[in-house]
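Next comes query.cif, with mmCIF, C-alpha atoms.
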```cif
data_protein
loop_
_atom_site.label_atom_id
_atom_site.label_comp_id
_atom_site.auth_asym_id
_atom_site.auth_seq_id
_atom_site.Cartn_x
_atom_site.Cartn_y
_atom_site.Cartn_z
CA MET S 121 -30.99 7.24 2.38
CA ASP S 122 -32.61 3.97 1.31
CA ALA S 123 -33.13 5.40 -2.17
CA ILE S 124 -29.48 6.46 -2.45
CA VAL S 125 -28.31 3.01 -1.35
CA GLN S 126 -30.58 1.34 -3.88
CA ALA S 127 -29.29 3.59 -6.64
CA ILE S 128 -25.71 2.58 -5.82
CA LEU S 129 -26.56 -1.11 -5.73
CA THR S 130 -28.13 -1.06 -9.20
CA VAL S 131 -24.57 -1.33 -10.54
CA PRO S 132 -23.42 -4.97 -10.87
CA ASP S 133 -20.30 -6.02 -8.92
CA VAL S 134 -20.69 -3.22 -6.36
CA VAL S 135 -21.09 -4.25 -2.72
CA LEU S 136 -22.21 -1.97 0.11
CA LEU S 137 -19.92 -2.54 3.10
CA ASP S 138 -21.22 0.00 5.57
CA ARG S 139 -23.86 2.63 6.20
CA GLU S 140 -23.58 5.15 9.03
CA SER S 141 -25.84 8.02 10.08
CA ASP S 142 -26.98 9.81 13.22
CA THR S 143 -29.33 12.62 14.15
CA ASP S 144 -26.73 15.06 15.48
CA HIS S 145 -24.41 15.05 12.48
CA ASN S 146 -27.43 14.62 10.17
CA ARG S 147 -25.16 13.01 7.63
CA CYS S 148 -25.04 9.60 5.97
CA VAL S 149 -21.72 7.93 5.16
CA LEU S 150 -21.80 5.04 2.69
CA THR S 151 -18.87 2.72 2.00
CA PHE S 152 -19.00 0.51 -1.08
CA VAL S 153 -16.43 -1.45 -3.08
CA GLY S 154 -16.04 -3.03 -6.47
CA PRO S 155 -14.04 -2.85 -9.70
CA PRO S 156 -12.96 0.72 -10.52
CA ALA S 157 -15.35 1.40 -13.40
CA ALA S 158 -18.30 -0.07 -11.50
CA VAL S 159 -17.53 1.99 -8.40
CA ALA S 160 -17.36 5.14 -10.51
CA ASP S 161 -20.77 4.38 -12.05
CA ALA S 162 -22.25 3.63 -8.61
CA ALA S 163 -20.83 6.84 -7.16
CA PHE S 164 -22.45 8.90 -9.90
CA ARG S 165 -25.82 7.18 -9.40
CA GLY S 166 -25.63 7.83 -5.67
CA VAL S 167 -24.85 11.50 -6.26
CA GLU S 168 -27.65 11.72 -8.82
CA LYS S 169 -30.18 10.41 -6.30
CA ALA S 170 -28.89 12.66 -3.51
CA VAL S 171 -29.17 15.72 -5.75
CA ALA S 172 -32.76 14.80 -6.60
CA LEU S 173 -33.90 14.18 -3.01
CA ILE S 174 -31.89 16.39 -0.63
CA ASP S 175 -32.58 20.12 -0.24
CA LEU S 176 -29.79 21.86 1.67
CA THR S 177 -31.89 24.98 2.16
CA LYS S 178 -33.88 22.89 4.66
CA HIS S 179 -30.96 20.96 6.16
CA GLN S 180 -29.05 21.47 9.40
CA GLY S 181 -26.48 19.32 11.18
CA ALA S 182 -23.37 19.40 13.33
CA HIS S 183 -21.10 18.33 10.47
CA PRO S 184 -19.92 20.88 7.87
CA ARG S 185 -21.19 20.40 4.31
CA ILE S 186 -21.44 22.23 0.99
CA GLY S 187 -23.46 19.73 -0.99
CA ALA S 188 -26.31 17.25 -0.89
CA ALA S 189 -23.65 14.79 -2.03
CA ASP S 190 -20.98 16.47 0.05
CA VAL S 191 -17.80 14.50 -0.65
CA VAL S 192 -17.00 11.54 -2.91
CA PRO S 193 -13.52 10.08 -2.30
CA PHE S 194 -12.11 7.22 -4.37
CA ILE S 195 -9.77 5.07 -2.29
CA PRO S 196 -7.39 2.38 -3.57
CA ILE S 197 -7.80 -0.84 -1.59
CA GLU S 198 -6.43 -3.69 -3.73
CA GLY S 199 -5.31 -3.94 -7.34
CA VAL S 200 -5.71 -0.24 -8.08
CA THR S 201 -3.36 2.71 -7.70
CA LEU S 202 -3.97 6.16 -6.29
CA GLU S 203 -3.27 7.59 -9.76
CA GLU S 204 -6.07 5.46 -11.20
CA CYS S 205 -8.38 6.76 -8.49
CA VAL S 206 -7.49 10.32 -9.52
CA ARG S 207 -8.62 9.53 -13.05
CA LEU S 208 -11.86 8.03 -11.74
CA ALA S 209 -12.45 11.17 -9.67
CA GLU S 210 -11.95 13.40 -12.71
CA ARG S 211 -14.29 11.27 -14.80
CA VAL S 212 -17.08 11.33 -12.19
CA ALA S 213 -16.59 15.04 -11.53
CA ASN S 214 -17.16 15.83 -15.20
CA GLU S 215 -20.20 13.57 -15.30
CA ILE S 216 -21.72 15.25 -12.22
CA TRP S 217 -21.42 18.65 -13.87
CA THR S 218 -22.50 17.74 -17.40
CA LYS S 219 -25.48 15.62 -16.37
CA LEU S 220 -26.59 17.16 -13.06
CA ARG S 221 -25.32 20.75 -13.36
CA VAL S 222 -23.73 20.52 -9.93
CA PRO S 223 -20.31 22.23 -9.83
CA VAL S 224 -17.44 20.16 -8.48
CA TYR S 225 -14.27 20.82 -6.48
CA LEU S 226 -11.38 18.37 -6.67
CA TYR S 227 -9.46 17.59 -3.47
CA GLU S 228 -6.62 15.54 -1.94
CA SER S 229 -4.60 13.75 -4.66
CA ALA S 230 -7.00 14.97 -7.38
CA ALA S 231 -6.66 18.64 -6.38
CA LYS S 232 -5.76 21.10 -9.13
CA ARG S 233 -4.72 23.78 -6.63
CA PRO S 234 -2.62 23.38 -3.46
CA ASP S 235 -5.19 25.19 -1.33
CA ARG S 236 -7.79 22.57 -2.28
CA VAL S 237 -5.86 19.54 -1.10
CA ASN S 238 -7.50 19.97 2.31
CA LEU S 239 -11.25 19.48 2.38
CA GLU S 240 -11.80 22.02 5.15
CA ASN S 241 -10.57 24.84 2.88
CA ILE S 242 -13.22 23.99 0.30
CA ARG S 243 -15.96 23.70 2.93
CA ARG S 244 -15.24 27.13 4.43
CA GLY S 245 -18.53 28.80 5.35
CA GLN S 246 -20.49 25.72 4.28
CA PHE S 247 -23.38 25.69 1.79
CA GLU S 248 -24.82 28.96 3.05
CA ALA S 249 -21.63 30.92 2.29
CA LEU S 250 -21.01 29.10 -0.98
CA VAL S 251 -24.41 30.09 -2.39
CA LYS S 252 -23.54 33.76 -1.79
CA GLU S 253 -19.91 33.65 -2.89
CA MET S 254 -19.83 31.37 -5.92
CA GLY S 255 -19.80 33.52 -9.01
CA THR S 256 -18.73 36.64 -7.13
CA VAL S 257 -15.59 35.55 -5.23
CA ALA S 258 -12.92 34.28 -7.64
CA ASP S 259 -11.42 31.80 -5.16
CA ARG S 260 -14.75 30.00 -4.86
CA ALA S 261 -14.89 29.09 -8.55
CA PRO S 262 -15.22 25.29 -8.96
CA ASP S 263 -12.66 23.08 -10.68
CA VAL S 264 -15.31 21.50 -12.91
CA GLY S 265 -18.32 23.40 -14.19
CA ASP S 266 -19.54 26.96 -14.18
CA ALA S 267 -19.44 29.13 -11.09
CA VAL S 268 -23.15 28.58 -10.49
CA CYS S 269 -24.15 26.87 -7.25
CA HIS S 270 -26.97 24.35 -7.58
CA PRO S 271 -29.90 25.98 -5.74
CA THR S 272 -30.74 22.99 -3.54
CA ALA S 273 -27.81 20.57 -3.93
CA GLY S 274 -24.97 23.08 -3.63
CA ALA S 275 -21.67 21.68 -4.90
CA THR S 276 -19.85 18.38 -4.60
CA VAL S 277 -16.25 17.62 -3.65
CA VAL S 278 -14.68 14.68 -5.48
CA GLY S 279 -11.18 13.33 -4.99
CA ALA S 280 -8.79 10.46 -4.44
CA ARG S 281 -6.99 9.69 -1.20
CA LYS S 282 -5.58 6.98 1.00
CA PHE S 283 -7.85 5.26 3.49
CA LEU S 284 -9.14 7.71 6.09
CA ILE S 285 -10.29 6.74 9.56
CA ALA S 286 -13.19 8.83 10.84
CA TYR S 287 -12.84 8.57 14.58
CA ASN S 288 -14.78 10.41 17.29
CA VAL S 289 -14.03 10.69 21.02
CA ASN S 290 -16.94 11.54 23.30
CA LEU S 291 -16.26 13.65 26.39
CA GLY S 292 -18.11 13.54 29.68
CA THR S 293 -19.18 17.17 29.44
CA PRO S 294 -21.64 19.32 27.47
CA ASP S 295 -19.00 22.09 27.23
CA ILE S 296 -18.21 22.29 23.52
CA ALA S 297 -15.46 24.82 24.21
CA ILE S 298 -13.36 22.06 25.81
CA ALA S 299 -13.86 19.81 22.78
CA ARG S 300 -12.80 22.64 20.51
CA LYS S 301 -9.67 23.33 22.56
CA ILE S 302 -8.67 19.66 22.45
CA ALA S 303 -9.36 19.53 18.71
CA LYS S 304 -7.11 22.56 18.23
CA THR S 305 -4.35 20.82 20.20
CA ILE S 306 -4.29 17.66 18.09
CA ARG S 307 -4.97 18.86 14.54
CA PHE S 308 -2.08 19.53 12.22
CA SER S 309 -3.27 22.90 10.92
CA THR S 310 -2.96 24.41 14.42
CA GLY S 311 0.30 22.77 15.44
CA GLY S 312 -0.82 19.24 16.31
CA PHE S 313 -0.19 15.86 14.76
CA ARG S 314 0.58 15.38 11.07
CA PHE S 315 -2.28 13.66 9.22
CA VAL S 316 -4.88 14.69 11.83
CA LYS S 317 -7.91 16.88 11.19
CA SER S 318 -10.30 17.56 14.05
CA MET S 319 -13.06 19.78 15.36
CA GLY S 320 -15.32 20.03 18.38
CA VAL S 321 -19.02 19.28 17.87
CA MET S 322 -22.05 19.09 20.11
CA LEU S 323 -24.15 15.92 20.36
CA GLY S 324 -27.47 17.49 21.22
CA THR S 325 -29.34 14.21 21.67
CA ARG S 326 -26.84 13.07 24.33
CA ASN S 327 -25.91 16.48 25.77
CA LEU S 328 -22.22 15.66 25.19
CA ALA S 329 -19.31 17.40 23.51
CA GLN S 330 -17.33 15.38 20.99
CA VAL S 331 -13.89 15.64 19.43
CA SER S 332 -14.50 14.62 15.81
CA ILE S 333 -11.30 13.38 14.13
CA ASN S 334 -10.13 12.37 10.67
CA LEU S 335 -6.90 10.38 10.48
CA THR S 336 -5.65 10.72 6.92
CA ASP S 337 -2.64 8.41 7.36
CA PHE S 338 -3.04 6.10 10.36
CA GLU S 339 0.32 4.43 9.72
CA GLN S 340 2.17 7.73 10.16
CA THR S 341 -0.01 9.02 13.02
CA PRO S 342 -1.62 5.97 14.67
CA MET S 343 -5.05 6.00 16.23
CA HIS S 344 -3.86 5.05 19.72
CA LEU S 345 -1.51 8.04 19.86
CA VAL S 346 -4.37 10.41 19.05
CA PHE S 347 -6.72 8.76 21.54
CA GLU S 348 -4.16 8.94 24.37
CA THR S 349 -3.51 12.60 23.64
CA VAL S 350 -7.23 13.42 23.69
CA ARG S 351 -7.58 11.53 26.98
CA ARG S 352 -4.69 13.39 28.61
CA GLU S 353 -5.94 16.76 27.37
CA ALA S 354 -9.43 15.99 28.69
CA GLU S 355 -7.94 15.14 32.10
CA ARG S 356 -6.25 18.56 32.15
CA TRP S 357 -9.73 20.09 31.94
CA GLY S 358 -11.13 17.73 34.56
CA VAL S 359 -13.24 15.87 32.00
CA PRO S 360 -13.45 12.09 31.46
CA VAL S 361 -13.49 10.32 28.12
CA LEU S 362 -16.72 8.32 27.92
CA GLY S 363 -15.78 6.36 24.83
CA SER S 364 -14.89 6.56 21.18
CA GLU S 365 -16.51 5.48 17.94
CA ILE S 366 -15.61 4.62 14.37
CA VAL S 367 -17.61 6.17 11.54
CA GLY S 368 -17.53 3.88 8.54
CA LEU S 369 -14.88 1.19 8.39
CA ILE S 370 -11.34 0.80 9.69
CA PRO S 371 -8.39 -1.17 8.29
CA GLN S 372 -7.38 -4.23 10.28
CA LYS S 373 -3.83 -2.94 10.50
CA ALA S 374 -5.01 0.08 12.51
CA ILE S 375 -6.56 -2.22 15.11
CA GLU S 376 -3.42 -4.36 15.18
CA MET S 377 -1.25 -1.30 15.81
CA SER S 378 -3.48 -0.19 18.68
CA ALA S 379 -3.58 -3.68 20.18
CA ASP S 380 0.19 -3.86 20.06
CA TYR S 381 0.45 -0.50 21.85
CA PHE S 382 -2.14 -0.99 24.57
CA LEU S 383 -1.46 -4.65 25.33
CA ARG S 384 2.33 -4.29 25.12
CA PHE S 385 2.79 -7.54 23.20
CA GLU S 386 6.44 -8.55 23.21
CA ASN S 387 6.14 -10.75 20.13
CA PHE S 388 3.31 -9.17 18.16
CA ARG S 389 3.27 -9.43 14.39
CA PRO S 390 0.36 -9.57 11.89
CA GLU S 391 0.94 -13.30 11.33
CA LEU S 392 -0.33 -13.96 14.89
CA VAL S 393 -3.83 -12.81 13.91
CA LEU S 394 -6.02 -15.81 13.02
CA GLU S 395 -7.85 -14.09 10.17
CA ASN S 396 -4.56 -13.02 8.58
CA ARG S 397 -3.26 -16.57 8.63
CA VAL S 398 -6.50 -17.87 7.11
CA ALA S 399 -6.28 -15.27 4.33
CA ASP S 400 -2.65 -16.19 3.68
CA ALA S 401 -3.57 -19.87 3.53
CA ILE S 402 -6.29 -19.17 0.99
CA ARG S 403 -3.91 -17.09 -1.10
CA SER S 404 -1.26 -19.78 -0.90
CA ARG S 405 -3.62 -22.20 -2.68
CA SER S 406 -2.72 -20.42 -5.87
CA GLY S 407 -4.75 -22.51 -8.27
CA LEU S 408 -1.73 -22.83 -10.56
CA PRO S 409 -3.17 -25.79 -12.55
CA GLU S 410 -6.38 -23.84 -13.15
CA PHE S 411 -4.42 -20.77 -14.24
CA LEU S 412 -2.27 -22.83 -16.64
CA ASP S 413 -5.39 -24.49 -18.07
CA ALA S 414 -6.92 -21.08 -18.68
CA LEU S 415 -3.67 -19.84 -20.19
CA ALA S 416 -3.53 -22.82 -22.57
CA ALA S 417 -7.17 -22.50 -23.64
CA PRO S 418 -7.92 -21.10 -27.13
CA THR S 419 -9.23 -17.81 -25.72
CA ALA S 420 -7.77 -14.31 -25.78
CA THR S 421 -7.57 -14.06 -21.98
CA PRO S 422 -5.62 -14.75 -19.90
CA GLY S 423 -2.67 -14.18 -22.21
CA GLY S 424 0.86 -12.87 -22.26
CA GLY S 425 0.14 -9.95 -19.96
CA SER S 426 -1.29 -12.18 -17.25
CA ALA S 427 1.63 -14.60 -17.67
CA SER S 428 4.09 -11.73 -17.28
CA ALA S 429 2.38 -10.58 -14.09
CA ALA S 430 2.47 -14.16 -12.80
CA ALA S 431 6.23 -14.29 -13.50
CA ALA S 432 6.67 -11.09 -11.50
CA ALA S 433 4.60 -12.57 -8.65
CA MET S 434 6.87 -15.62 -8.56
CA ALA S 435 9.93 -13.38 -8.52
CA ALA S 436 8.46 -11.48 -5.57
CA ALA S 437 7.66 -14.73 -3.75
CA LEU S 438 11.24 -15.89 -4.15
CA GLY S 439 12.47 -12.50 -2.95
CA ALA S 440 10.32 -12.89 0.16
CA MET S 441 11.66 -16.41 0.69
CA VAL S 442 15.35 -15.55 0.52
CA THR S 443 14.98 -12.47 2.72
CA ARG S 444 13.20 -14.54 5.35
CA LEU S 445 15.91 -17.20 5.20
CA ALA S 446 18.52 -14.47 5.53
CA LYS S 447 16.66 -12.93 8.52
CA GLN S 448 15.84 -9.77 6.54
CA ASP S 449 12.58 -7.84 6.09
CA PRO S 450 10.40 -9.63 3.49
CA GLU S 451 7.55 -7.10 3.55
CA PRO S 452 8.51 -5.14 0.37
CA PHE S 453 8.51 -8.39 -1.60
CA GLU S 454 5.26 -9.56 0.02
CA THR S 455 3.64 -6.25 -0.97
CA ASP S 456 4.89 -6.75 -4.51
CA ARG S 457 3.61 -10.33 -4.56
CA ARG S 458 0.09 -9.16 -3.68
CA PHE S 459 0.22 -6.44 -6.35
CA PHE S 460 1.42 -8.79 -9.12
CA THR S 461 -1.02 -11.54 -8.16
CA GLU S 462 -3.92 -9.10 -8.49
CA ALA S 463 -2.44 -7.80 -11.76
CA VAL S 464 -2.86 -11.27 -13.31
CA ASP S 465 -6.64 -10.79 -13.23
CA ARG S 466 -6.49 -7.05 -13.87
CA ASP S 467 -4.66 -7.59 -17.14
CA ALA S 468 -7.23 -10.12 -18.34
CA GLU S 469 -10.09 -7.81 -17.32
CA ALA S 470 -8.51 -4.86 -19.14
CA PHE S 471 -8.31 -6.81 -22.40
CA GLN S 472 -11.87 -8.10 -21.99
CA LYS S 473 -13.01 -4.47 -21.78
CA VAL S 474 -11.27 -3.78 -25.09
CA MET S 475 -13.12 -6.65 -26.73
CA ALA S 476 -16.41 -5.51 -25.20
CA ALA S 477 -15.83 -1.98 -26.48
CA TYR S 478 -15.34 -3.24 -30.03
CA LYS S 479 -18.69 -5.04 -29.81
CA ARG S 480 -20.57 -1.77 -29.28
CA PRO S 481 -22.52 -0.23 -32.18
CA LYS S 482 -20.09 1.33 -34.65
CA GLU S 483 -21.46 4.85 -34.29
CA GLU S 484 -20.76 4.99 -30.51
CA ARG S 485 -17.75 2.68 -30.34
CA ALA S 486 -14.77 5.06 -30.60
CA PRO S 487 -14.64 6.67 -27.10
CA TYR S 488 -15.24 3.33 -25.36
CA VAL S 489 -12.51 1.62 -27.38
CA GLU S 490 -10.06 4.43 -26.64
CA GLU S 491 -10.77 4.31 -22.90
CA ALA S 492 -10.43 0.53 -22.84
CA LEU S 493 -7.15 0.66 -24.78
CA HIS S 494 -5.79 3.13 -22.23
CA GLY S 495 -6.52 0.61 -19.50
CA ALA S 496 -5.06 -2.26 -21.50
CA ALA S 497 -1.80 -0.31 -21.82
CA GLU S 498 -1.73 1.02 -18.26
CA VAL S 499 -2.00 -2.33 -16.45
CA PRO S 500 1.14 -3.86 -18.01
CA LEU S 501 2.88 -0.49 -17.70
CA GLU S 502 2.26 -0.51 -13.95
CA VAL S 503 3.55 -4.09 -13.74
CA PHE S 504 6.65 -3.05 -15.72
CA GLU S 505 7.30 -0.13 -13.37
CA ARG S 506 6.74 -2.20 -10.25
CA ALA S 507 8.88 -5.05 -11.59
CA SER S 508 11.67 -2.59 -12.34
CA ALA S 509 11.68 -1.37 -8.75
CA MET S 510 11.60 -4.95 -7.48
CA GLN S 511 14.45 -5.91 -9.78
CA ALA S 512 16.58 -3.14 -8.26
CA ARG S 513 15.85 -4.48 -4.77
CA LEU S 514 16.71 -8.03 -5.85
CA ASN S 515 19.99 -6.83 -7.34
CA ALA S 516 20.85 -4.98 -4.12
CA LEU S 517 20.20 -7.93 -1.80
CA GLN S 518 23.14 -9.15 0.25
CA ILE S 519 22.42 -12.74 1.30
CA PRO S 520 24.42 -15.88 2.10
CA ALA S 521 25.75 -17.73 -0.95
CA ARG S 522 23.65 -20.82 -0.21
CA TYR S 523 20.52 -18.87 -1.23
CA GLY S 524 22.15 -17.54 -4.40
CA SER S 525 20.43 -19.88 -6.86
CA ASP S 526 16.96 -18.91 -5.63
CA LEU S 527 17.88 -15.26 -5.89
CA ALA S 528 19.19 -15.80 -9.41
CA VAL S 529 15.88 -17.38 -10.45
CA ALA S 530 13.99 -14.43 -8.93
CA LYS S 531 16.11 -12.02 -10.97
CA ALA S 532 15.53 -14.01 -14.15
CA LEU S 533 11.76 -14.04 -13.59
CA ALA S 534 11.79 -10.28 -13.03
CA VAL S 535 13.61 -9.80 -16.34
CA ALA S 536 11.07 -12.05 -18.10
CA ALA S 537 8.16 -10.18 -16.52
CA LYS S 538 9.52 -6.84 -17.72
CA ALA S 539 10.11 -8.13 -21.25
CA GLY S 540 6.58 -9.55 -21.43
CA THR S 541 4.82 -6.48 -20.08
CA LEU S 542 6.81 -4.23 -22.39
CA GLU S 543 5.51 -6.24 -25.35
CA ASN S 544 1.96 -5.80 -24.02
CA VAL S 545 2.33 -2.06 -23.54
CA ASN S 546 3.68 -1.55 -27.04
CA ILE S 547 1.08 -3.72 -28.82
CA ASN S 548 -1.80 -1.90 -27.10
CA LEU S 549 -0.22 1.50 -27.63
CA GLU S 550 -0.20 0.95 -31.40
CA SER S 551 -4.01 1.12 -31.45
CA VAL S 552 -4.32 4.18 -29.18
CA ALA S 553 -5.25 7.40 -30.98
CA ASP S 554 -4.53 9.79 -28.08
CA THR S 555 -1.05 11.11 -28.88
CA ALA S 556 -0.68 12.85 -25.50
CA PHE S 557 -1.38 9.58 -23.69
CA LYS S 558 1.08 7.70 -25.91
CA GLU S 559 3.78 10.25 -25.21
CA LEU S 560 3.17 10.07 -21.46
CA VAL S 561 3.45 6.27 -21.53
CA ARG S 562 6.69 6.46 -23.53
CA GLN S 563 8.09 8.95 -21.04
CA ARG S 564 7.30 6.59 -18.17
CA LEU S 565 8.95 3.72 -20.02
CA GLY S 566 11.96 5.86 -20.87
CA ALA S 567 12.48 6.72 -17.21
CA LEU S 568 13.13 3.08 -16.37
CA LYS S 569 15.96 0.72 -17.14
CA PRO S 570 14.96 -1.79 -19.89
#
```
Translate the structure described by the file into structure tokens.
Amino acid sequence: MDAIVQAILTVPDVVLLDRESDTDHNRCVLTFVGPPAAVADAAFRGVEKAVALIDLTKHQGAHPRIGAADVVPFIPIEGVTLEECVRLAERVANEIWTKLRVPVYLYESAAKRPDRVNLENIRRGQFEALVKEMGTVADRAPDVGDAVCHPTAGATVVGARKFLIAYNVNLGTPDIAIARKIAKTIRFSTGGFRFVKSMGVMLGTRNLAQVSINLTDFEQTPMHLVFETVRREAERWGVPVLGSEIVGLIPQKAIEMSADYFLRFENFRPELVLENRVADAIRSRSGLPEFLDALAAPTATPGGGSASAAAAAMAAALGAMVTRLAKQDPEPFETDRRFFTEAVDRDAEAFQKVMAAYKRPKEERAPYVEEALHGAAEVPLEVFERASAMQARLNALQIPARYGSDLAVAKALAVAAKAGTLENVNINLESVADTAFKELVRQRLGALKP
């Protein structure tokens, strides 16, 4: 495990946030973050080390698995979309096969087949069954690579998904049958809650049964609802709940939702949380003079794309202001403001990658330039799309006339942002050689109002 962690951390700009493992599950979960390309490189290096060091023919544990590097999900946190994570997943999947000869299945948002959206379908029978069936059972053929199971590392599942909460509830009994019955009650596939996956496992070291849960969308099915249901079901069987545990990390919003439920706050809102207010205060110190100095400097970045994203961010901020003044929900505009603010830096980074690609040796330059140009076109395209949706919301707002001038400025900034990003998309698209990509971008532009 130390070796895998070290392999991941050899990539600059990648930070390890969490490391979890225990004897019963015999499984290590690593959470790391960074810029998309760096995270993809780190994920491959981690898989590479796991394939070299872990032999599944000698491995046992309570948690299902089909590979030494069992599952690699790419998760959008800030400044990256789920669609971008799908592309990262596909890139890493191909690299795992071509360089390591480990076949790969694609799941969740990266799935190529509907029956492979759910991870449990791919893991059916675990490594032991996969070794026997791959190459002989057509449905077990991988999405990437030949139908040849790696003899010691099995296969790997790679995908893209929203943030998942791995959440376990420990029961005061060694009877695993009770844990399995409760798991069946709450999981979606057997009639339970949407966005819940669960199973009963045995913690041999503690002589306890556990309900092991994955919450794939905690905003739709909150953690406290699942916990309360497990507790009530356990009471039906005369069993207490000893406690619960988080595997990996958990979004702050999930804790806030649970606190609101259990403590019955009458005035709860995220702004009451100290850390949220501190983060907002830091963000509010926008560094506008520094940004304008950088914009005015005789350098290629930041440039028009970053300025366009900044205009969209200001439009979103004004949208949030007028909706607050009018006692309306500002959250859609606040979400946009965060996206556009991050896009200011993303646009500059995308263009810097183009310049770096052109500096490579001529004989190996072409694929790197093409990939970088894709990114340089996609960032302003995403800003254009998001600004278009925001513009529609601004146009639909019904607010008192005294806030009309601020709303008018917001609309004008949104128009300017769209015009600027459209220029950026088109100038970068001119240099792209991939005709299929160019056509896809033009289709996305054509679907929106200019």
Legend entry - Residue neighbourhood Ala470 in chain S, 12 Å, only C-alpha atoms, exclusion window fewer than 6 positions, as a list in words: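 In the requested format, the answer is Pro155, Pro156, Ala157, Ala420, Thr421, Pro422, Gly423, Gly425, Ser426, Ala463, Val464, Ala476, Ala477, Val489, Glu491, Ala492, Leu493, His494, Gly495, Ala496, Ala497, Glu498, Val499, Pro500, Asn544 and Asn548 of chain S.
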Legend entry - Residues within 8 Å of (-12.1, 14.7, -11.9), counting all atoms listed in the file, listed as a list of chain:residue names: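 Selection result: S:Val206, S:Arg207, S:Leu208, S:Ala209, S:Glu210, S:Arg211, S:Val212, S:Ala213, S:Asn214, S:Leu226, S:Ala230, S:Val264, S:Val278, S:Gly279.
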Inset, instruction - Name all residues at most 12 Å from range 304-314 of chain S (count all atoms listed in the file; drop same-chain ones fewer than 5 positions away) and give them as a PyMOL selection string. - result: chain S and resi 238+240-241+297-299+319-320+331-343+345-354
Inset, instruction - Evaluate the PyMOL selection byres ((chain S and resi 197) around 12) and record the selected residues as a PyMOL selection string, following the chain and residue labels used in the document. - result: chain S and resi 152-156+194-196+198-202+204-205+280-284+370-371+458-459+462
Legend entry - Expansion of the PyMOL selection byres ((chain S and resi 455) around 12) into residues, as a PyMOL selection string: chain S and resi 198-199+432-433+436-437+439-440+449-454+456-462+506-507+510
Quick one: write out the picked residues with C-alpha atoms as a compact mmCIF listing (two decimals), keeping the file's coordinate frame?
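Contents of the output file result-v1.txt:
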```txt
# COMPACT_ATOMS: atom_id res chain seq x y z
CA GLU S 198 -6.43 -3.69 -3.73
CA GLY S 199 -5.31 -3.94 -7.34
CA ALA S 432 6.67 -11.09 -11.50
CA ALA S 433 4.60 -12.57 -8.65
CA ALA S 436 8.46 -11.48 -5.57
CA ALA S 437 7.66 -14.73 -3.75
CA GLY S 439 12.47 -12.50 -2.95
CA ALA S 440 10.32 -12.89 0.16
CA ASP S 449 12.58 -7.84 6.09
CA PRO S 450 10.40 -9.63 3.49
CA GLU S 451 7.55 -7.10 3.55
CA PRO S 452 8.51 -5.14 0.37
CA PHE S 453 8.51 -8.39 -1.60
CA GLU S 454 5.26 -9.56 0.02
CA ASP S 456 4.89 -6.75 -4.51
CA ARG S 457 3.61 -10.33 -4.56
CA ARG S 458 0.09 -9.16 -3.68
CA PHE S 459 0.22 -6.44 -6.35
CA PHE S 460 1.42 -8.79 -9.12
CA THR S 461 -1.02 -11.54 -8.16
CA GLU S 462 -3.92 -9.10 -8.49
CA ARG S 506 6.74 -2.20 -10.25
CA ALA S 507 8.88 -5.05 -11.59
CA MET S 510 11.60 -4.95 -7.48
```
Inset, instruction - Rank nothing, just name the residue among S:Leu362, S:His270, S:Pro294, S:Ile186 nearest to Gly245 in chain S, using only C-alpha atoms. - result: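 Checking each candidate against Gly245 in chain S, we get S:Ile186 as the closest.
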